[in-house]
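Enquirer: Hey, dropping entry_20.cif in here, mmCIF, C-alpha atoms:
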data_upload
#
loop_
_atom_site.label_atom_id
_atom_site.label_comp_id
_atom_site.auth_asym_id
_atom_site.auth_seq_id
_atom_site.Cartn_x
_atom_site.Cartn_y
_atom_site.Cartn_z
CA MET A 1 -10.32 -25.18 -10.48
CA SER A 2 -11.78 -24.68 -7.05
CA VAL A 3 -14.01 -21.82 -5.96
CA GLN A 4 -11.23 -20.24 -3.92
CA GLN A 5 -8.91 -20.17 -6.90
CA VAL A 6 -11.56 -18.50 -9.05
CA ILE A 7 -12.18 -15.88 -6.34
CA PHE A 8 -8.45 -15.27 -5.89
CA ILE A 9 -7.79 -14.88 -9.60
CA SER A 10 -10.70 -12.51 -10.17
CA PHE A 11 -9.72 -10.26 -7.25
CA ALA A 12 -6.04 -10.42 -8.21
CA LEU A 13 -6.83 -9.36 -11.78
CA LEU A 14 -9.05 -6.54 -10.50
CA THR A 15 -6.28 -5.33 -8.17
CA VAL A 16 -3.52 -5.48 -10.77
CA PHE A 17 -5.65 -3.73 -13.39
CA SER A 18 -6.59 -0.95 -10.95
CA ALA A 19 -2.94 -0.58 -9.89
CA ILE A 20 -1.89 -0.18 -13.53
CA MET A 21 -4.59 2.46 -13.99
CA VAL A 22 -3.32 4.29 -10.87
CA VAL A 23 0.18 4.67 -12.29
CA SER A 24 -0.82 5.35 -15.91
CA LEU A 25 -3.88 7.63 -15.96
CA ARG A 26 -3.41 11.31 -16.79
CA ASN A 27 -6.33 12.52 -14.75
CA LEU A 28 -5.14 12.34 -11.15
CA PHE A 29 -8.64 12.39 -9.72
CA HIS A 30 -9.51 9.26 -11.69
CA ALA A 31 -6.23 7.70 -10.59
CA ALA A 32 -7.23 8.28 -6.96
CA LEU A 33 -10.59 6.60 -7.57
CA TRP A 34 -8.84 3.61 -9.17
CA LEU A 35 -6.59 3.50 -6.09
CA VAL A 36 -9.72 3.04 -3.97
CA LEU A 37 -10.68 0.04 -6.13
CA ALA A 38 -7.17 -1.43 -5.85
CA LEU A 39 -7.27 -1.07 -2.04
CA LEU A 40 -10.68 -2.76 -2.00
CA GLY A 41 -9.28 -5.68 -4.01
CA ILE A 42 -6.39 -5.99 -1.56
CA ALA A 43 -8.87 -5.94 1.36
CA SER A 44 -10.74 -8.89 -0.18
CA LEU A 45 -7.44 -10.75 -0.57
CA PHE A 46 -6.83 -10.19 3.16
CA ALA A 47 -10.27 -11.66 3.86
CA LEU A 48 -9.35 -14.64 1.64
CA LEU A 49 -6.18 -15.14 3.72
CA GLY A 50 -8.25 -15.39 6.92
CA ALA A 51 -7.10 -12.00 8.24
CA SER A 52 -10.59 -10.59 8.73
CA PHE A 53 -9.35 -7.85 11.08
CA PHE A 54 -6.97 -6.52 8.47
CA ALA A 55 -9.65 -6.61 5.78
CA ALA A 56 -11.78 -4.33 7.98
CA VAL A 57 -8.83 -2.11 8.91
CA GLN A 58 -7.84 -1.83 5.26
CA ILE A 59 -11.28 -0.50 4.37
CA LEU A 60 -11.44 1.83 7.39
CA VAL A 61 -7.92 3.25 7.30
CA TYR A 62 -6.94 3.11 3.64
CA ILE A 63 -10.20 3.76 1.84
CA GLY A 64 -11.80 5.79 4.62
CA ALA A 65 -8.84 7.98 5.52
CA ILE A 66 -5.81 7.80 3.23
CA ALA A 67 -7.65 7.70 -0.11
CA ILE A 68 -9.92 10.56 0.97
CA LEU A 69 -6.86 12.55 2.09
CA LEU A 70 -5.25 11.93 -1.32
CA ILE A 71 -8.43 13.02 -3.12
CA PHE A 72 -8.50 16.21 -1.03
CA ALA A 73 -4.88 16.94 -1.92
CA VAL A 74 -5.62 16.33 -5.62
CA MET A 75 -8.54 18.76 -5.48
CA LEU A 76 -6.53 21.42 -3.60
CA THR A 77 -3.73 21.37 -6.17
CA ARG A 78 -5.81 20.59 -9.22
CA ASN A 79 -5.59 23.75 -11.32
CA ILE A 80 -1.81 23.58 -11.50
CA MET A 81 -1.17 20.42 -13.53
CA SER A 82 -3.77 20.25 -16.25
CA ASP A 83 -4.72 16.81 -17.48
CA GLU A 84 -3.52 17.44 -21.03
CA VAL A 85 0.14 17.73 -20.01
CA THR A 86 1.95 14.42 -20.06
CA GLN A 87 2.18 13.07 -16.52
CA THR A 88 5.23 10.88 -16.90
CA ASN A 89 8.88 11.74 -17.37
CA ARG A 90 11.11 10.51 -20.18
CA ALA A 91 12.47 7.50 -18.26
CA TRP A 92 9.36 5.33 -18.61
CA GLY A 93 10.92 2.86 -21.07
CA LEU A 94 13.91 2.39 -18.82
CA ALA A 95 11.57 2.03 -15.82
CA VAL A 96 9.57 -0.74 -17.53
CA LEU A 97 12.82 -2.58 -18.32
CA LEU A 98 14.14 -2.16 -14.76
CA VAL A 99 10.88 -3.30 -13.18
CA SER A 100 10.61 -6.43 -15.35
CA VAL A 101 14.25 -7.36 -14.66
CA ILE A 102 13.65 -7.00 -10.91
CA PHE A 103 10.47 -9.08 -11.24
CA PHE A 104 12.30 -12.00 -12.84
CA ILE A 105 15.11 -11.77 -10.28
CA ILE A 106 12.62 -11.86 -7.37
CA ILE A 107 10.59 -14.75 -8.83
CA GLY A 108 13.76 -16.66 -9.72
CA GLN A 109 15.07 -16.27 -6.18
CA ILE A 110 11.94 -17.17 -4.21
CA SER A 111 10.86 -20.03 -6.49
CA SER A 112 13.94 -21.99 -5.44
CA TRP A 113 12.65 -22.01 -1.83
CA SER A 114 10.99 -25.29 -0.83
CA GLY A 115 7.87 -23.72 0.69
CA PHE A 116 7.12 -21.68 -2.44
CA SER A 117 4.32 -23.82 -3.83
CA GLN A 118 2.96 -24.84 -0.42
CA PRO A 119 -0.86 -24.79 -0.58
CA LEU A 120 -2.52 -22.54 2.00
CA SER A 121 -5.33 -24.47 3.66
CA GLU A 122 -8.46 -22.97 5.14
CA PHE A 123 -8.09 -21.85 8.77
CA THR A 124 -9.88 -23.83 11.43
CA TYR A 125 -9.87 -20.72 13.64
CA THR A 126 -12.75 -18.30 13.63
CA GLY A 127 -12.15 -14.62 12.97
CA GLN A 128 -12.61 -13.78 16.65
CA GLU A 129 -9.80 -16.10 17.70
CA THR A 130 -7.22 -14.38 15.53
CA ILE A 131 -8.37 -10.91 16.65
CA LEU A 132 -8.24 -12.06 20.29
CA ALA A 133 -4.67 -13.31 19.78
CA LEU A 134 -3.68 -10.01 18.18
CA GLY A 135 -5.24 -7.97 20.98
CA LYS A 136 -3.53 -10.06 23.66
CA GLY A 137 -0.23 -9.71 21.85
CA PHE A 138 -0.62 -5.95 21.71
CA VAL A 139 -1.33 -5.41 25.41
CA SER A 140 0.85 -8.04 27.07
CA PRO A 141 4.15 -6.58 28.34
CA SER A 142 6.04 -9.71 27.24
CA GLY A 143 4.51 -9.32 23.78
CA PHE A 144 4.24 -6.10 21.79
CA ALA A 145 3.01 -3.52 24.32
CA LEU A 146 6.04 -1.26 23.82
CA PRO A 147 5.87 -1.15 19.98
CA PHE A 148 2.12 -0.53 20.25
CA GLU A 149 2.59 2.48 22.54
CA THR A 150 5.45 3.77 20.39
CA ALA A 151 3.20 3.52 17.35
CA SER A 152 0.54 5.63 19.06
CA VAL A 153 3.16 8.27 19.91
CA LEU A 154 4.31 8.16 16.27
CA LEU A 155 0.76 8.74 15.07
CA LEU A 156 0.35 11.69 17.45
CA ALA A 157 3.65 13.17 16.27
CA ALA A 158 2.64 12.71 12.61
CA LEU A 159 -0.70 14.42 13.31
CA LEU A 160 0.93 17.42 15.02
CA GLY A 161 3.69 17.60 12.41
CA GLY A 162 1.18 17.46 9.55
CA VAL A 163 -0.90 20.28 11.07
CA TYR A 164 2.21 22.39 11.74
CA ILE A 165 3.76 21.89 8.29
CA ALA A 166 0.54 22.58 6.38
CA MET A 167 -0.36 25.62 8.55
CA ASP A 168 -0.58 28.90 6.66
CA LYS A 169 2.01 31.03 8.43
CA GLY A 170 1.93 33.99 6.07
CA LYS A 171 -1.49 35.29 7.03
CA GLU A 172 -0.83 36.14 10.69
CA MET B 13 -6.23 -24.66 -3.08
CA VAL B 14 -4.55 -21.32 -3.48
CA SER B 15 -0.86 -21.79 -2.83
CA LEU B 16 1.57 -19.38 -1.18
CA SER B 17 3.32 -18.69 -4.48
CA TRP B 18 0.22 -17.01 -5.93
CA TYR B 19 0.19 -14.44 -3.17
CA LEU B 20 3.94 -13.85 -3.42
CA ILE B 21 3.80 -13.34 -7.19
CA LEU B 22 0.80 -11.01 -6.89
CA ALA B 23 2.56 -8.99 -4.18
CA ALA B 24 5.69 -8.74 -6.36
CA VAL B 25 3.60 -7.52 -9.31
CA ILE B 26 1.79 -4.84 -7.26
CA PHE B 27 5.03 -3.74 -5.60
CA LEU B 28 6.78 -3.35 -8.95
CA ILE B 29 3.83 -1.42 -10.41
CA GLY B 30 4.31 0.92 -7.43
CA VAL B 31 8.06 1.16 -8.13
CA TYR B 32 7.28 2.03 -11.75
CA GLY B 33 4.90 4.77 -10.62
CA VAL B 34 7.45 6.24 -8.21
CA ILE B 35 10.12 6.36 -10.92
CA VAL B 36 7.93 7.65 -13.72
CA ARG B 37 5.34 10.03 -12.26
CA LYS B 38 5.95 13.77 -12.24
CA ASN B 39 3.22 14.82 -9.84
CA SER B 40 4.23 14.27 -6.21
CA ILE B 41 0.69 13.27 -5.16
CA ALA B 42 0.80 10.51 -7.78
CA ILE B 43 4.15 9.42 -6.33
CA LEU B 44 2.50 9.15 -2.89
CA MET B 45 -0.27 7.01 -4.40
CA SER B 46 2.34 4.64 -5.83
CA VAL B 47 4.01 4.45 -2.41
CA GLU B 48 0.66 3.40 -0.95
CA LEU B 49 0.48 0.60 -3.56
CA MET B 50 3.97 -0.59 -2.54
CA LEU B 51 3.08 -0.62 1.17
CA ASN B 52 -0.07 -2.63 0.40
CA ALA B 53 1.97 -5.17 -1.56
CA VAL B 54 4.24 -5.57 1.47
CA ASN B 55 1.17 -6.17 3.64
CA ILE B 56 -0.08 -8.90 1.29
CA ASN B 57 3.33 -10.57 1.62
CA ILE B 58 3.36 -10.30 5.42
CA LEU B 59 -0.16 -11.69 5.81
CA ALA B 60 0.49 -14.54 3.33
CA PHE B 61 3.53 -15.58 5.35
CA TRP B 62 1.49 -15.15 8.55
CA HIS B 63 -1.08 -17.62 7.20
CA TYR B 64 1.69 -20.00 6.11
CA ASN B 65 3.41 -19.83 9.51
CA THR B 66 0.15 -20.30 11.40
CA GLN B 67 -0.83 -23.40 9.45
CA LEU B 68 2.72 -24.76 9.74
CA ASN B 69 2.98 -24.41 13.52
CA GLY B 70 -0.66 -24.95 14.45
CA VAL B 71 -0.81 -21.88 16.72
CA ILE B 72 -1.92 -18.36 15.74
CA ASP B 73 1.20 -16.39 14.92
CA VAL B 74 0.90 -12.99 16.60
CA SER B 75 4.07 -11.32 15.36
CA GLY B 76 2.99 -11.46 11.70
CA MET B 77 -0.22 -9.61 12.48
CA VAL B 78 1.67 -7.07 14.60
CA PHE B 79 4.06 -6.43 11.71
CA ALA B 80 1.12 -5.84 9.35
CA ALA B 81 -0.48 -3.44 11.85
CA ILE B 82 2.79 -1.50 12.21
CA VAL B 83 3.03 -1.20 8.42
CA ILE B 84 -0.51 0.24 8.29
CA ILE B 85 0.36 2.72 11.10
CA ALA B 86 3.53 3.80 9.28
CA ALA B 87 1.54 4.23 6.05
CA ALA B 88 -1.00 6.46 7.79
CA ALA B 89 1.75 8.64 9.31
CA GLU B 90 3.56 8.82 5.97
CA ALA B 91 0.43 9.89 4.09
CA ALA B 92 -0.40 12.61 6.63
CA VAL B 93 3.10 14.13 6.73
CA GLY B 94 3.72 13.67 3.00
CA LEU B 95 0.50 15.42 1.97
CA ALA B 96 1.17 18.23 4.47
CA LEU B 97 4.60 18.72 2.89
CA ILE B 98 3.07 18.76 -0.60
CA ILE B 99 0.48 21.37 0.45
CA SER B 100 3.24 23.46 2.04
CA VAL B 101 5.42 23.31 -1.09
CA PHE B 102 2.37 24.11 -3.21
CA ARG B 103 1.74 27.29 -1.15
CA ARG B 104 5.33 28.41 -1.54
CA LYS B 105 6.08 27.51 -5.16
CA ASN B 106 2.61 27.04 -6.68
CA SER B 107 3.69 23.67 -8.07
CA VAL B 108 3.41 20.01 -7.14
CA VAL B 109 5.87 18.71 -9.75
CA ALA B 110 8.58 16.71 -7.98
CA ALA B 111 11.36 17.93 -10.29
CA GLU B 112 10.65 21.56 -9.39
CA MET B 113 11.03 21.04 -5.65
CA ASN B 114 14.60 22.33 -5.47
CA ILE B 115 14.53 24.97 -2.73
CA LEU B 116 17.03 23.00 -0.64
CA LYS B 117 19.54 22.91 -3.51
CA GLY B 118 22.77 24.67 -2.55
#
What does the file become when written as structure tokens?

Expert:
Amino acid sequence: MSVQQVIFISFALLTVFSAIMVVSLRNLFHAALWLVLALLGIASLFALLGASFFAAVQILVYIGAIAILLIFAVMLTRNIMSDEVTQTNRAWGLAVLLVSVIFFIIIGQISSWSGFSQPLSEFTYTGQETILALGKGFVSPSGFALPFETASVLLLAALLGGVYIAMDKGKE
Amino acid sequence: MVSLSWYLILAAVIFLIGVYGVIVRKNSIAILMSVELMLNAVNINILAFWHYNTQLNGVIDVSGMVFAAIVIIAAAAEAAVGLALIISVFRRKNSVVAAEMNILKG
């Protein structure tokens, strides 16, 4: 087994274990902390894929912003659902069955594709080259300039909408 | 060498763990956390195929990276609006349980 395979398997096991803890723990605050670990594992998988920009963005955006936002929301609403109450509804057995059936359907479908077991070789590009290509693609009008600008408008709208929805209107 | 199938299977596993969380969890913040897991699994898939396509064609594939960036942007917008909605419902009903959010029911 090569070094890359060992690294992949250890990070994959870490990520899957943390993901299972996220959906199964009773204490939501601990679940949020396990989510941070899962996101970190996914960031290292991005780095393993040669997408160094996305590994950095994953840490900045997901761990730095989204996970902190989730932790804030957990703390703001904490006293309502105590940790002793069961956190899952009655359908969990059915959900496990459904999820495993879907898993075998997905794997059965994609394993018949010829490129399925294609080995991914190491990139000969440096990290800067891929980031340069992404930046050029984002600003060139023949590339993705319009989706990029639309995405910034979407983020602005989400920011304003989030502030407006969460505003306390009763105290004026 | 790590092959493409490893990434695809891992992404399927993480996505389905997220699906399980969305179906099973009562607390709406926990449901949002599971949605984040699902979006991350999609990003693993996109970037694995981006790597595959780049090594197949010999040029850096830009559209795969753009797709992954758009997914991250959508996830950020979804988390902001979703948590604002949860805080708003919490103010009104003093509850974050998804089954009790029934104000819109006719």

Enquirer: Residues within 12 Å of (7.4, -5.3, -9.3), file coordinates, counting only C-alpha atoms: what are they? Give the list as a PyMOL selection string.

Expert: (chain A and resi 16+19-20+95-107) or (chain B and resi 20-34+46+49-50+53-54)

Enquirer: Using only C-alpha atoms and a cut-off of 6 Å, which residues of chain B sit close to chain A? Please list them as a PyMOL selection string.

Expert: chain B and resi 13-17+28+32-33+36-38+74+89+92-93+96+100

Enquirer: So, with only C-alpha atoms as the atoms that count, which of A:Val153, A:Ala47, A:Leu14, A:Val139 lies closest to Trp34 in chain A?

Expert: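 The shortest atom-to-atom distance to Trp34 in chain A comes from A:Leu14.
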
Enquirer: Could you check how far CA of Asn55 in chain B sits from CA of Gly76 in chain B, in Å to one decimal?

Expert: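 These two atoms are separated by 9.8 Å.
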
Enquirer: Which residue gives the smallest distance to Asn52 in chain B among A:Leu40, A:Glu149, A:Gly108, A:Ser52, with only C-alpha atoms counted?

Expert: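 Counting only C-alpha atoms, the residue closest to Asn52 in chain B is A:Leu40.
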
Enquirer: Would you compute the box with edges along x, y and z of the file around range 23-33 of chain B, including every atom the file lists for it and 6 Å extra on each side, and give its centre and edge lengths in Å to one decimal, as AutoDock Vina command-line options?

Expert:
--center_x 4.9 --center_y -2.1 --center_z -8.0 --size_x 18.3 --size_y 25.8 --size_z 19.6

Enquirer: Have a look at CA of Ala42 in chain B and CA of Ile58 in chain B and let me know their distance in Å, one decimal.

Expert: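 One can read the CA of Ala42 in chain B to CA of Ile58 in chain B distance as 24.8 Å.
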
Enquirer: Pop range 65-77 of chain B out of the structure in the block and write all heavy atoms as a tab-separated table (two decimals), in the first residue's frame.

Expert:
chain	number	residue	atom	x	y	z
B	65	ASN	N	-10.85	14.54	-14.99
B	65	ASN	CA	-10.96	15.21	-16.30
B	65	ASN	C	-9.67	15.92	-16.68
B	65	ASN	O	-9.24	15.88	-17.83
B	65	ASN	CB	-12.11	16.21	-16.23
B	65	ASN	CG	-12.88	16.25	-17.51
B	65	ASN	OD1	-12.68	15.40	-18.37
B	65	ASN	ND2	-13.73	17.23	-17.65
B	66	THR	N	-9.03	16.55	-15.67
B	66	THR	CA	-7.78	17.26	-15.94
B	66	THR	C	-6.69	16.30	-16.37
B	66	THR	O	-5.95	16.56	-17.32
B	66	THR	CB	-7.36	18.04	-14.68
B	66	THR	OG1	-8.41	18.93	-14.35
B	66	THR	CG2	-6.11	18.83	-14.92
B	67	GLN	N	-6.59	15.15	-15.68
B	67	GLN	CA	-5.51	14.22	-16.05
B	67	GLN	C	-5.83	13.50	-17.37
B	67	GLN	O	-4.93	13.08	-18.08
B	67	GLN	CB	-5.25	13.23	-14.94
B	67	GLN	CG	-6.09	11.98	-14.95
B	67	GLN	CD	-5.67	11.03	-13.85
B	67	GLN	OE1	-5.30	11.44	-12.76
B	67	GLN	NE2	-5.72	9.76	-14.12
B	68	LEU	N	-7.13	13.42	-17.71
B	68	LEU	CA	-7.52	12.78	-18.96
B	68	LEU	C	-7.20	13.66	-20.15
B	68	LEU	O	-6.68	13.20	-21.17
B	68	LEU	CB	-9.01	12.46	-18.93
B	68	LEU	CG	-9.52	11.30	-19.77
B	68	LEU	CD1	-8.95	10.01	-19.23
B	68	LEU	CD2	-11.02	11.27	-19.74
B	69	ASN	N	-7.50	14.97	-20.03
B	69	ASN	CA	-7.34	15.88	-21.16
B	69	ASN	C	-5.99	16.58	-21.19
B	69	ASN	O	-5.62	17.14	-22.21
B	69	ASN	CB	-8.44	16.95	-21.14
B	69	ASN	CG	-9.81	16.33	-21.30
B	69	ASN	OD1	-9.95	15.25	-21.84
B	69	ASN	ND2	-10.82	17.01	-20.80
B	70	GLY	N	-5.27	16.59	-20.07
B	70	GLY	CA	-3.97	17.23	-20.06
B	70	GLY	C	-3.99	18.73	-19.89
B	70	GLY	O	-2.94	19.36	-19.84
B	71	VAL	N	-5.19	19.35	-19.84
B	71	VAL	CA	-5.27	20.78	-19.54
B	71	VAL	C	-6.10	20.94	-18.26
B	71	VAL	O	-6.94	20.10	-17.95
B	71	VAL	CB	-5.94	21.58	-20.67
B	71	VAL	CG1	-5.00	21.71	-21.84
B	71	VAL	CG2	-7.24	20.95	-21.07
B	72	ILE	N	-5.85	22.06	-17.53
B	72	ILE	CA	-6.57	22.28	-16.28
B	72	ILE	C	-8.02	22.60	-16.60
B	72	ILE	O	-8.33	23.54	-17.33
B	72	ILE	CB	-5.92	23.42	-15.48
B	72	ILE	CG1	-4.49	23.04	-15.10
B	72	ILE	CG2	-6.72	23.70	-14.22
B	72	ILE	CD1	-3.73	24.16	-14.46
B	73	ASP	N	-8.91	21.79	-16.06
B	73	ASP	CA	-10.34	21.96	-16.32
B	73	ASP	C	-10.89	23.04	-15.40
B	73	ASP	O	-10.89	22.88	-14.19
B	73	ASP	CB	-11.04	20.62	-16.06
B	73	ASP	CG	-12.52	20.72	-16.27
B	73	ASP	OD1	-12.92	21.38	-17.23
B	73	ASP	OD2	-13.27	20.15	-15.46
B	74	VAL	N	-11.35	24.15	-15.99
B	74	VAL	CA	-11.80	25.28	-15.16
B	74	VAL	C	-13.23	25.07	-14.68
B	74	VAL	O	-13.56	25.39	-13.53
B	74	VAL	CB	-11.68	26.60	-15.96
B	74	VAL	CG1	-12.18	27.76	-15.14
B	74	VAL	CG2	-10.25	26.83	-16.36
B	75	SER	N	-14.08	24.48	-15.52
B	75	SER	CA	-15.50	24.44	-15.16
B	75	SER	C	-15.76	23.60	-13.91
B	75	SER	O	-16.65	23.93	-13.12
B	75	SER	CB	-16.31	23.92	-16.33
B	75	SER	OG	-15.73	22.78	-16.88
B	76	GLY	N	-14.95	22.55	-13.67
B	76	GLY	CA	-15.13	21.76	-12.46
B	76	GLY	C	-14.88	22.58	-11.21
B	76	GLY	O	-15.65	22.54	-10.25
B	77	MET	N	-13.80	23.41	-11.26
B	77	MET	CA	-13.50	24.24	-10.09
B	77	MET	C	-14.58	25.29	-9.90
B	77	MET	O	-14.95	25.62	-8.77
B	77	MET	CB	-12.14	24.91	-10.28
B	77	MET	CG	-10.99	23.97	-10.08
B	77	MET	SD	-9.43	24.83	-9.88
B	77	MET	CE	-9.12	25.34	-11.54
